[in-house]
Amino acid sequence: MDIENQLISIEEEIKNICENYTDDNIGGWITGHGSVPCDILFIGEAPGKTEVEEKTPFVGMAGKNFEHYLNLINIKRENIRVTNTCYFRPIKIKESANGRSSISNRTPKTSEISLFKDILYKEINLVDPKIIITLGNIPLKTLTDCKSIGECHGKIIFSKKVNRYVFPMYHPSSLTYNRSEDFKQKYIEDWYKLKEALETI
Ligand code: URA
C-alpha cells in the first residue's frame with residue numbers, strides 16, 4: 001500500500017474507533033497533520049475544541065504557544081508533523097442547576113490512550129521520524145519508560161518502546177498553568193536544547 005492509502009486507512013481506523021466509542025463523552029476527532037515521511041514528529045496529548053473545528057493539532061490556545069516557540073528556533077510547520085496520543089477530544093459535560101450545560105476538555109484516560117496505541121505506532125512508523133518530541137506527560141509515558149516529565153525534559157533519550165530517539169518537553173499549555181518566571185526560563189531553555197539536538201540528528 002502506498003503512503004497516501006496507508007494514511008487513509010489510519011484515518012478510517014480512527015473514525016471507526018471514535019464513532020463506536022460509548023464509554024465516555026467525546027467531542028470529535030482529528031488525525032495527525034504534516035508531511036509523511038518527516039524527520040521531526042511532535043506528539044501531544046489530545047485535541048481540543050479548536051483543533052477539532054480546524055481538523056489540525058495545536059491550533060487553539062496551546063497551539064499559539066507552540067507556534068511561538070517553533071518560530072523562536074526557526075522551525076516551520078511545513079517541515080514537521082504533529083499528532084496526538086489520543087485522537088479524539090475527551091470532554092466532560094457539566095449540567096448546572098438552571099438546566100444549562102457546559103463542556104470542557106478532560107485528560108484522556110489510560111483506557112482511551114490504549115484504544116489508539118496501535119494506530120499511533122502505525123503513524124510513527126509511516127512518518128519514520130529521526131526524532132520524536134513528546135509534549136507533556138501523556139505521550140512521554142506512552143512512548144518511553146520515563147516516569148515524569150520533570151525528570152527527563154530537555155534531553156534526548158533512546159526509547160526501546162518505539163526504537164527511536166525521543167526528546168521530552170513540557171506541554172505548551174503548562175505555561176498557562178505555571179506562570180513563574182523560573183518555569184518559563186526552563187521551558188525556553190528546552191526549546192534551545194531542542195534546536196541543538198535537531199542539529200545533531
Ligand atoms: N493539546 C494537545 O495536546 N494537542 C492538541 O492538538 C492541542 C492541544
# chains A, B, ... in the order shown; residues from 1 in each chain; ligands from 1
>>> select_by_dssp(residues="stretch 6-117 of chain A", states="strand (DSSP E or B)", output="count of residues only")
28
>>> residues_near_ligand(ligand="ligand 1", cutoff="12 Å", atoms="only C-alpha atoms and all ligand atoms", output="ChimeraX atom specification")
/A:29-33,42-67,81-90,105-108,134-140,169-174
>>> select_by_dssp(residues="chain A", states="alpha helix (DSSP H)", output="number ranges by chain")
A: 3-19, 49-54, 61-72, 110-115, 117-127, 137-143, 149-152, 174-177, 181-200
>>> closest_residue(among="A:Ile91, A:Met1, A:Leu194, A:Leu115", to="A:Asn20", atoms="only C-alpha atoms")
A:Leu115
>>> closest_residue(among="A:Lys160, A:Asp39, A:Cys146, A:Gly154", to="A:Ile132", atoms="only C-alpha atoms")
A:Asp39
>>> closest_residue(among="A:Thr110, A:Ile40, A:Asp128, A:Ile93", to="A:Glu78", atoms="only C-alpha atoms")
A:Ile40
